[in-house]
file run_35.cif (mmCIF, C-alpha atoms)
data_structure
#
loop_
_atom_site.label_atom_id
_atom_site.label_comp_id
_atom_site.auth_asym_id
_atom_site.auth_seq_id
_atom_site.Cartn_x
_atom_site.Cartn_y
_atom_site.Cartn_z
CA MET A 26 5.77 -6.67 -4.88
CA PRO A 27 3.02 -9.14 -5.91
CA PRO A 28 0.19 -7.76 -8.07
CA LEU A 29 -2.78 -6.49 -6.12
CA SER A 30 -6.03 -8.38 -6.65
CA LEU A 31 -9.67 -7.38 -6.26
CA HIS A 32 -12.61 -9.14 -4.66
CA HIS A 33 -16.32 -8.67 -5.30
CA GLU A 34 -16.23 -5.60 -3.09
CA GLY A 35 -13.83 -3.97 -0.69
CA GLU A 36 -11.06 -1.40 -0.40
CA PHE A 37 -8.00 -1.09 -2.61
CA PHE A 38 -4.88 0.78 -1.55
CA PRO A 39 -2.80 1.91 -4.55
CA GLU A 40 0.73 3.16 -4.14
CA ILE A 41 1.74 6.60 -5.36
CA GLY A 42 5.22 6.45 -6.84
CA ASN A 43 7.50 9.24 -7.94
CA ILE A 44 6.00 12.38 -9.47
CA GLU A 45 8.29 14.05 -11.99
CA VAL A 46 9.10 17.75 -11.71
CA ASP A 47 9.09 18.12 -15.51
CA THR A 48 5.55 16.70 -15.67
CA ILE A 49 4.31 19.30 -13.18
CA LEU A 50 5.97 22.10 -15.14
CA ARG A 51 4.58 20.92 -18.49
CA ILE A 52 1.07 20.93 -17.00
CA HIS A 53 1.54 24.64 -16.42
CA GLY A 54 2.69 25.41 -19.94
CA TYR A 55 6.45 25.22 -19.62
CA LYS A 56 7.35 23.51 -22.90
CA LYS A 57 11.03 23.34 -21.99
CA PRO A 58 11.14 22.47 -18.26
CA SER A 59 14.93 22.41 -18.25
CA GLU A 60 14.93 26.13 -19.06
CA VAL A 61 12.52 27.15 -16.30
CA ARG A 62 13.85 29.57 -13.69
CA VAL A 63 15.60 27.79 -10.85
CA ALA A 64 13.28 29.28 -8.21
CA ILE A 65 10.16 27.93 -9.94
CA ARG A 66 11.69 24.53 -10.54
CA GLU A 67 12.81 24.26 -6.92
CA THR A 68 9.32 25.24 -5.73
CA ALA A 69 7.78 22.49 -7.83
CA LYS A 70 10.34 20.02 -6.52
CA LYS A 71 9.67 21.08 -2.93
CA MET A 72 5.90 20.70 -3.29
CA ILE A 73 6.24 17.20 -4.73
CA ALA A 74 8.25 16.24 -1.64
CA VAL A 75 5.67 17.88 0.61
CA SER A 76 2.65 16.37 -1.15
CA ILE A 77 3.52 12.67 -1.33
CA PRO A 78 3.40 12.06 2.46
CA LEU A 79 -0.04 13.72 2.50
CA PHE A 80 -1.61 11.20 0.13
CA GLU A 81 -3.68 8.41 1.65
CA PRO A 82 -5.10 6.85 -1.52
CA THR A 83 -8.07 4.55 -1.01
CA VAL A 84 -10.44 3.05 -3.56
CA TYR A 85 -13.82 1.77 -2.36
CA TYR A 86 -15.35 -0.58 -4.90
CA ARG A 87 -18.35 -2.84 -5.49
CA GLN A 88 -19.05 -5.17 -8.40
CA PHE A 89 -22.66 -5.74 -9.49
CA ARG A 90 -24.44 -7.78 -12.11
CA VAL A 91 -26.45 -5.72 -14.58
CA GLN A 92 -30.14 -6.15 -13.84
CA THR A 93 -31.51 -3.79 -16.50
CA LEU A 94 -29.91 -1.74 -19.25
CA ASP A 95 -32.75 0.04 -21.00
CA GLY A 96 -31.48 2.86 -23.15
CA SER A 97 -30.10 5.46 -20.75
CA ARG A 98 -31.30 3.65 -17.60
CA LEU A 99 -29.04 1.26 -15.69
CA GLU A 100 -30.18 -0.83 -12.75
CA LEU A 101 -27.78 -3.04 -10.84
CA ASP A 102 -28.75 -6.33 -9.23
CA GLY A 103 -29.05 -5.75 -5.49
CA GLY A 104 -28.07 -2.09 -5.72
CA GLY A 105 -31.54 -0.58 -5.39
CA VAL A 106 -30.43 2.40 -7.49
CA SER A 107 -31.25 3.58 -11.02
CA LEU A 108 -28.55 5.51 -12.88
CA HIS A 109 -29.32 7.52 -16.01
CA ASN A 110 -26.83 8.39 -18.74
CA PRO A 111 -27.52 8.67 -22.50
CA GLU A 112 -24.12 7.05 -23.12
CA PHE A 113 -24.99 3.82 -21.26
CA SER A 114 -26.69 2.08 -24.18
CA ASN A 115 -23.54 2.19 -26.32
CA ALA A 116 -20.76 2.30 -23.72
CA LEU A 117 -22.12 -0.62 -21.68
CA SER A 118 -23.46 -2.73 -24.53
CA ALA A 119 -23.03 -6.49 -23.82
CA CYS A 120 -21.75 -5.78 -20.29
CA ALA A 121 -22.98 -8.36 -17.79
CA GLU A 122 -21.30 -6.71 -14.78
CA ILE A 123 -20.39 -3.25 -13.54
CA MET A 124 -17.60 -2.18 -11.21
CA VAL A 125 -18.49 1.00 -9.29
CA PHE A 126 -15.83 2.88 -7.33
CA LEU A 127 -15.01 5.91 -5.21
CA LEU A 128 -11.40 7.05 -4.89
CA THR A 129 -9.86 9.63 -2.58
CA LEU A 130 -6.45 10.87 -1.50
CA GLY A 131 -7.85 11.86 1.88
CA ASP A 132 -8.32 15.34 3.33
CA LYS A 133 -4.68 16.24 4.05
CA PRO A 134 -3.99 17.74 0.58
CA ASP A 135 -7.08 19.96 0.94
CA THR A 136 -5.99 21.12 4.38
CA MET A 137 -2.48 21.91 3.18
CA SER A 138 -3.82 23.74 0.12
CA THR A 139 -6.02 25.95 2.30
CA THR A 140 -3.10 26.75 4.59
CA LEU A 141 -0.88 27.69 1.66
CA GLN A 142 -3.51 29.92 0.06
CA GLN A 143 -4.31 31.69 3.31
CA SER A 144 -0.61 32.48 3.75
CA ASP A 145 -0.36 33.74 0.14
CA HIS A 146 1.86 30.88 -1.01
CA LEU A 147 -0.13 30.64 -4.22
CA LEU A 148 2.51 29.03 -6.41
CA GLU A 149 3.06 26.32 -3.81
CA ALA A 150 -0.70 25.72 -3.62
CA LEU A 151 -0.89 25.48 -7.41
CA PHE A 152 1.91 22.91 -7.61
CA LEU A 153 0.38 20.95 -4.73
CA GLU A 154 -2.92 20.71 -6.61
CA SER A 155 -1.16 19.55 -9.77
CA ALA A 156 0.77 16.90 -7.86
CA SER A 157 -2.47 15.74 -6.26
CA TRP A 158 -4.27 15.28 -9.58
CA LEU A 159 -1.30 13.37 -10.93
CA ALA A 160 -1.52 11.16 -7.86
CA ILE A 161 -5.22 10.54 -8.55
CA GLU A 162 -4.36 9.53 -12.12
CA THR A 163 -1.71 7.14 -10.80
CA ALA A 164 -4.11 5.64 -8.25
CA THR A 165 -6.78 5.20 -10.93
CA ARG A 166 -4.36 3.44 -13.26
CA SER A 167 -3.32 1.10 -10.47
CA PHE A 168 -6.95 0.19 -9.80
CA VAL A 169 -7.70 -0.26 -13.50
CA THR A 170 -4.65 -2.48 -13.93
CA ALA A 171 -5.88 -4.77 -11.15
CA LEU A 172 -9.43 -4.77 -12.57
CA ARG A 173 -8.19 -5.47 -16.09
CA ARG A 174 -5.99 -8.32 -14.86
CA GLN A 175 -8.86 -9.86 -12.92
CA SER A 176 -11.24 -9.49 -15.88
CA LYS A 177 -8.77 -11.06 -18.29
CA LYS A 178 -8.57 -14.17 -16.10
CA ARG A 179 -12.32 -14.48 -16.53
CA SER A 180 -12.09 -13.95 -20.31
CA CYS A 181 -13.59 -10.47 -19.97
CA ARG A 182 -12.53 -6.94 -20.73
CA ILE A 183 -13.45 -3.59 -19.23
CA THR A 184 -14.83 -0.41 -20.77
CA SER A 185 -13.53 3.10 -20.41
CA ARG A 186 -14.47 4.91 -17.21
CA LEU A 187 -17.84 6.62 -17.01
CA ALA A 188 -18.51 9.18 -14.27
CA PRO A 189 -21.25 11.63 -13.27
CA GLY A 190 -20.46 15.13 -14.47
CA TYR A 191 -18.62 13.96 -17.61
CA GLY A 192 -20.21 13.97 -21.06
CA ASP A 193 -23.99 13.84 -20.80
CA TRP A 194 -24.10 12.07 -17.43
CA SER A 195 -25.64 14.50 -14.95
CA LEU A 196 -23.62 15.26 -11.81
CA THR A 197 -26.79 14.72 -9.76
CA ASP A 198 -26.36 10.97 -10.33
CA GLN A 199 -23.41 11.22 -7.98
CA GLN A 200 -26.04 10.68 -5.29
CA GLY A 201 -26.88 7.29 -6.80
CA ILE A 202 -23.23 6.27 -6.83
CA PHE A 203 -22.93 7.16 -3.14
CA ARG A 204 -26.12 5.27 -2.24
CA LEU A 205 -24.44 2.13 -3.57
CA PHE A 206 -21.96 2.54 -0.68
CA GLN A 207 -24.57 3.25 1.98
CA GLY A 208 -23.46 1.82 5.30
CA TRP A 209 -19.79 1.85 4.33
CA ASP A 210 -17.28 3.83 6.37
CA ILE A 211 -16.02 5.92 3.45
CA LYS A 212 -13.90 9.02 3.90
CA ILE A 213 -15.74 10.97 1.19
CA ARG A 214 -18.91 13.02 1.38
CA LEU A 215 -21.12 14.89 -1.07
CA THR A 216 -21.68 18.64 -0.87
CA ASP A 217 -25.07 20.23 -1.56
CA GLY A 218 -23.96 20.67 -5.15
CA ASP A 219 -23.12 16.95 -5.53
CA CYS A 220 -19.37 17.60 -5.59
CA MET A 221 -17.07 15.43 -3.51
CA GLN A 222 -15.15 16.34 -0.40
CA PRO A 223 -12.21 15.89 -0.03
CA LYS A 224 -11.68 17.70 -3.31
CA MET A 225 -9.01 15.21 -4.35
CA SER A 226 -11.52 12.44 -5.00
CA ARG A 227 -12.96 10.66 -8.03
CA SER A 228 -15.94 8.41 -8.75
CA GLY A 229 -17.16 6.31 -11.62
CA LEU A 230 -17.84 2.90 -13.03
CA TYR A 231 -16.45 0.43 -15.54
CA GLY A 232 -18.46 -2.05 -17.55
CA ILE A 233 -17.23 -5.65 -17.74
CA ARG A 234 -18.07 -7.62 -20.88
CA PRO A 235 -17.00 -10.97 -22.37
CA LEU A 236 -14.08 -10.95 -24.79
#

call {"tool": "encode", "arguments": {"input": "run_35.cif", "output": "structure tokens"}}
result
Amino acid sequence: MPPLSLHHEGEFFPEIGNIEVDTILRIHGYKKPSEVRVAIRETAKKMIAVSIPLFEPTVYYRQFRVQTLDGSRLELDGGGVSLHNPEFSNALSACAEIMVFLLTLGDKPDTMSTTLQQSDHLLEALFLESASWLAIETATRSFVTALRRQSKKRSCRITSRLAPGYGDWSLTDQQGIFRLFQGWDIKIRLTDGDCMQPKMSRSGLYGIRPL
């Protein structure tokens, strides 16, 4: 399969490959997955098989030039939004551009999780959630790989991901991230508490600076 490329803005559709049973079990504290009871291992295996068809991974992204980086305040050219994070001054130093993104697996994992919990299949719901977060990690890596490849061609490199709700960046700035996608048909919404729905979603930005 040819490598996926990015444009200035658009949608990116990462593939979710195989999720390992042993990885799921280690997440839940089983240091020796091969010694886990057969019933638990088979449940984890079953939920991986159930979960993968539910995932509809989509990344919405927009690349902006940095208009102003003044201490903790970041303004993007054409974005009409100010973002505030004490980490910006160091993390985004020398960055001329910013890539902002929203990622979701869609609402099917949430729906399945609710169904499982309501029918008291709590272990299945737990393994489904773990598989979903592993899928989000995989989708993020796929997007970052494409962004890093594109940046390298331009003699640039990218920073680590920054996201509202992590470190000192207030979760309320999630509203600013979403305003950058105003008018887009995105399958993610914000709750009153600035959390994302579907639950299996992620947001953030990467700085892009010269090598």

call {"tool": "resolve_selection", "arguments": {"input": "run_35.cif", "expression": "the PyMOL selection byres ((chain A and resi 34) around 6)", "output": "list in words"}}
result
His32, His33, Gly35, Tyr86 and Arg87 of chain A

call {"tool": "closest_residue", "arguments": {"input": "run_35.cif", "among": "A:Ile52, A:Ala171, A:Ala188, A:Leu215", "to": "Phe37 (chain A)", "atoms": "only C-alpha atoms"}}
result
A:Ala171

call {"tool": "residues_around", "arguments": {"input": "run_35.cif", "residues": "Asp198 (chain A)", "least_positions_apart": "3", "cutoff": "10 Å", "atoms": "all atoms listed in the file", "output": "list in words"}}
result
Val106, Ser107, Leu108, His109, Asn110, Ala188, Pro189, Gly190, Trp194, Ser195, Gly201, Ile202, Phe203, Arg204 and Asp219 of chain A

call {"tool": "write_last_selection", "arguments": {"input": "run_35.cif", "atoms": "C-alpha atoms", "output": "PDB file, keeping the file's coordinate frame"}}
result
ATOM      1  CA  VAL A 106     -30.430   2.400  -7.490  1.00  0.00           C
ATOM      2  CA  SER A 107     -31.250   3.580 -11.020  1.00  0.00           C
ATOM      3  CA  LEU A 108     -28.550   5.510 -12.880  1.00  0.00           C
ATOM      4  CA  HIS A 109     -29.320   7.520 -16.010  1.00  0.00           C
ATOM      5  CA  ASN A 110     -26.830   8.390 -18.740  1.00  0.00           C
ATOM      6  CA  ALA A 188     -18.510   9.180 -14.270  1.00  0.00           C
ATOM      7  CA  PRO A 189     -21.250  11.630 -13.270  1.00  0.00           C
ATOM      8  CA  GLY A 190     -20.460  15.130 -14.470  1.00  0.00           C
ATOM      9  CA  TRP A 194     -24.100  12.070 -17.430  1.00  0.00           C
ATOM     10  CA  SER A 195     -25.640  14.500 -14.950  1.00  0.00           C
ATOM     11  CA  GLY A 201     -26.880   7.290  -6.800  1.00  0.00           C
ATOM     12  CA  ILE A 202     -23.230   6.270  -6.830  1.00  0.00           C
ATOM     13  CA  PHE A 203     -22.930   7.160  -3.140  1.00  0.00           C
ATOM     14  CA  ARG A 204     -26.120   5.270  -2.240  1.00  0.00           C
ATOM     15  CA  ASP A 219     -23.120  16.950  -5.530  1.00  0.00           C
TER      16      ASP A 219
END

call {"tool": "resolve_selection", "arguments": {"input": "run_35.cif", "expression": "the PyMOL selection byres ((chain A and resi 75) around 12)", "output": "PyMOL selection string"}}
result
chain A and resi 44+68-74+76-80+133-134+137-138+141+149-150+152-154+156-157

call {"tool": "closest_residue", "arguments": {"input": "run_35.cif", "among": "A:Pro39, A:Pro82, A:Pro235, A:Gly208", "to": "Asp132 (chain A)", "atoms": "only C-alpha atoms"}}
result
A:Pro82

call {"tool": "atom_distance", "arguments": {"input": "run_35.cif", "atom1": "CA of Arg51 (chain A)", "atom2": "CA of Leu151 (chain A)"}}
result
13.2 Å

call {"tool": "closest_residue", "arguments": {"input": "run_35.cif", "among": "A:Cys120, A:Thr129, A:Thr216, A:Lys177", "to": "Leu99 (chain A)", "atoms": "all atoms listed in the file"}}
result
A:Cys120

call {"tool": "resolve_selection", "arguments": {"input": "run_35.cif", "expression": "the PyMOL selection byres ((chain A and resi 101) around 8)", "output": "PyMOL selection string"}}
result
chain A and resi 89-93+99-100+102-107+123

call {"tool": "write_last_selection", "arguments": {"input": "run_35.cif", "atoms": "C-alpha atoms", "output": "PDB file, keeping the file's coordinate frame"}}
result
ATOM      1  CA  PHE A  89     -22.660  -5.740  -9.490  1.00  0.00           C
ATOM      2  CA  ARG A  90     -24.440  -7.780 -12.110  1.00  0.00           C
ATOM      3  CA  VAL A  91     -26.450  -5.720 -14.580  1.00  0.00           C
ATOM      4  CA  GLN A  92     -30.140  -6.150 -13.840  1.00  0.00           C
ATOM      5  CA  THR A  93     -31.510  -3.790 -16.500  1.00  0.00           C
ATOM      6  CA  LEU A  99     -29.040   1.260 -15.690  1.00  0.00           C
ATOM      7  CA  GLU A 100     -30.180  -0.830 -12.750  1.00  0.00           C
ATOM      8  CA  ASP A 102     -28.750  -6.330  -9.230  1.00  0.00           C
ATOM      9  CA  GLY A 103     -29.050  -5.750  -5.490  1.00  0.00           C
ATOM     10  CA  GLY A 104     -28.070  -2.090  -5.720  1.00  0.00           C
ATOM     11  CA  GLY A 105     -31.540  -0.580  -5.390  1.00  0.00           C
ATOM     12  CA  VAL A 106     -30.430   2.400  -7.490  1.00  0.00           C
ATOM     13  CA  SER A 107     -31.250   3.580 -11.020  1.00  0.00           C
ATOM     14  CA  ILE A 123     -20.390  -3.250 -13.540  1.00  0.00           C
TER      15      ILE A 123
END

call {"tool": "atom_distance", "arguments": {"input": "run_35.cif", "atom1": "CA of Gln200 (chain A)", "atom2": "CA of Val125 (chain A)"}}
result
12.9 Å

call {"tool": "residues_around", "arguments": {"input": "run_35.cif", "residues": "Ser180 (chain A)", "least_positions_apart": "3", "cutoff": "10 Å", "atoms": "only C-alpha atoms", "output": "count of residues only"}}
result
7

call {"tool": "atom_distance", "arguments": {"input": "run_35.cif", "atom1": "CA of Ala121 (chain A)", "atom2": "CA of Gly232 (chain A)"}}
result
7.8 Å

call {"tool": "closest_residue", "arguments": {"input": "run_35.cif", "among": "A:Gly96, A:Pro58, A:Pro111, A:Gly131", "to": "Ile213 (chain A)", "atoms": "only C-alpha atoms"}}
result
A:Gly131

call {"tool": "closest_residue", "arguments": {"input": "run_35.cif", "among": "A:Lys57, A:His146, A:Arg227, A:Arg62", "to": "Ile161 (chain A)", "atoms": "all atoms listed in the file"}}
result
A:Arg227

call {"tool": "residues_around", "arguments": {"input": "run_35.cif", "residues": "Val84 (chain A)", "least_positions_apart": "2", "cutoff": "6 Å", "atoms": "all atoms listed in the file", "output": "mmCIF file with C-alpha atoms, keeping the file's coordinate frame"}}
result
data_model
loop_
_atom_site.group_PDB
_atom_site.id
_atom_site.type_symbol
_atom_site.label_atom_id
_atom_site.label_comp_id
_atom_site.auth_asym_id
_atom_site.auth_seq_id
_atom_site.Cartn_x
_atom_site.Cartn_y
_atom_site.Cartn_z
ATOM 1 C CA GLU A 36 -11.060 -1.400 -0.400
ATOM 2 C CA PHE A 37 -8.000 -1.090 -2.610
ATOM 3 C CA LEU A 127 -15.010 5.910 -5.210
ATOM 4 C CA LEU A 128 -11.400 7.050 -4.890
#

call {"tool": "closest_residue", "arguments": {"input": "run_35.cif", "among": "A:Leu172, A:Leu196, A:Val46, A:Ala64", "to": "Phe126 (chain A)", "atoms": "only C-alpha atoms"}}
result
A:Leu172

call {"tool": "decode", "arguments": {"input": "run_35.cif", "residues": "region 167-188 of chain A", "atoms": "N, CA and C atoms", "output": "tab-separated table (two decimals), in the first residue's frame"}}
result
chain	number	residue	atom	x	y	z
A	167	SER	N	-0.28	6.50	12.91
A	167	SER	CA	-0.39	6.54	11.46
A	167	SER	C	-0.42	7.98	10.96
A	168	PHE	N	-1.20	8.83	11.62
A	168	PHE	CA	-1.27	10.24	11.25
A	168	PHE	C	0.07	10.93	11.45
A	169	VAL	N	0.71	10.66	12.57
A	169	VAL	CA	2.01	11.28	12.86
A	169	VAL	C	3.06	10.84	11.85
A	170	THR	N	3.03	9.58	11.46
A	170	THR	CA	3.98	9.09	10.46
A	170	THR	C	3.83	9.86	9.15
A	171	ALA	N	2.59	10.06	8.72
A	171	ALA	CA	2.35	10.82	7.49
A	171	ALA	C	2.79	12.28	7.65
A	172	LEU	N	2.50	12.88	8.81
A	172	LEU	CA	2.89	14.26	9.05
A	172	LEU	C	4.41	14.40	9.12
A	173	ARG	N	5.06	13.44	9.78
A	173	ARG	CA	6.52	13.49	9.88
A	173	ARG	C	7.17	13.33	8.50
A	174	ARG	N	6.62	12.43	7.69
A	174	ARG	CA	7.15	12.21	6.34
A	174	ARG	C	7.01	13.48	5.50
A	175	GLN	N	5.84	14.09	5.58
A	175	GLN	CA	5.60	15.32	4.81
A	175	GLN	C	6.53	16.44	5.28
A	176	SER	N	6.70	16.56	6.60
A	176	SER	CA	7.55	17.62	7.15
A	176	SER	C	9.00	17.42	6.76
A	177	LYS	N	9.45	16.17	6.76
A	177	LYS	CA	10.84	15.89	6.40
A	177	LYS	C	11.14	16.31	4.98
A	178	LYS	N	10.18	16.12	4.08
A	178	LYS	CA	10.37	16.53	2.68
A	178	LYS	C	10.57	18.03	2.57
A	179	ARG	N	10.04	18.76	3.54
A	179	ARG	CA	10.15	20.22	3.54
A	179	ARG	C	11.28	20.68	4.46
A	180	SER	N	12.14	19.74	4.86
A	180	SER	CA	13.25	20.03	5.77
A	180	SER	C	12.75	20.58	7.10
A	181	CYS	N	11.67	19.98	7.60
A	181	CYS	CA	11.10	20.37	8.89
A	181	CYS	C	10.93	19.14	9.77
A	182	ARG	N	10.69	19.39	11.03
A	182	ARG	CA	10.38	18.31	11.96
A	182	ARG	C	9.21	18.74	12.82
A	183	ILE	N	8.57	17.77	13.46
A	183	ILE	CA	7.39	18.08	14.26
A	183	ILE	C	7.70	17.90	15.75
A	184	THR	N	6.90	18.59	16.58
A	184	THR	CA	7.04	18.49	18.02
A	184	THR	C	6.23	17.30	18.54
A	185	SER	N	6.30	17.11	19.83
A	185	SER	CA	5.40	16.15	20.47
A	185	SER	C	3.98	16.73	20.47
A	186	ARG	N	3.01	15.86	20.66
A	186	ARG	CA	1.61	16.32	20.66
A	186	ARG	C	1.30	17.12	21.91
A	187	LEU	N	0.57	18.20	21.73
A	187	LEU	CA	0.01	18.99	22.83
A	187	LEU	C	-1.50	18.91	22.71
A	188	ALA	N	-2.20	18.82	23.85
A	188	ALA	CA	-3.66	18.69	23.80
A	188	ALA	C	-4.30	19.31	25.03
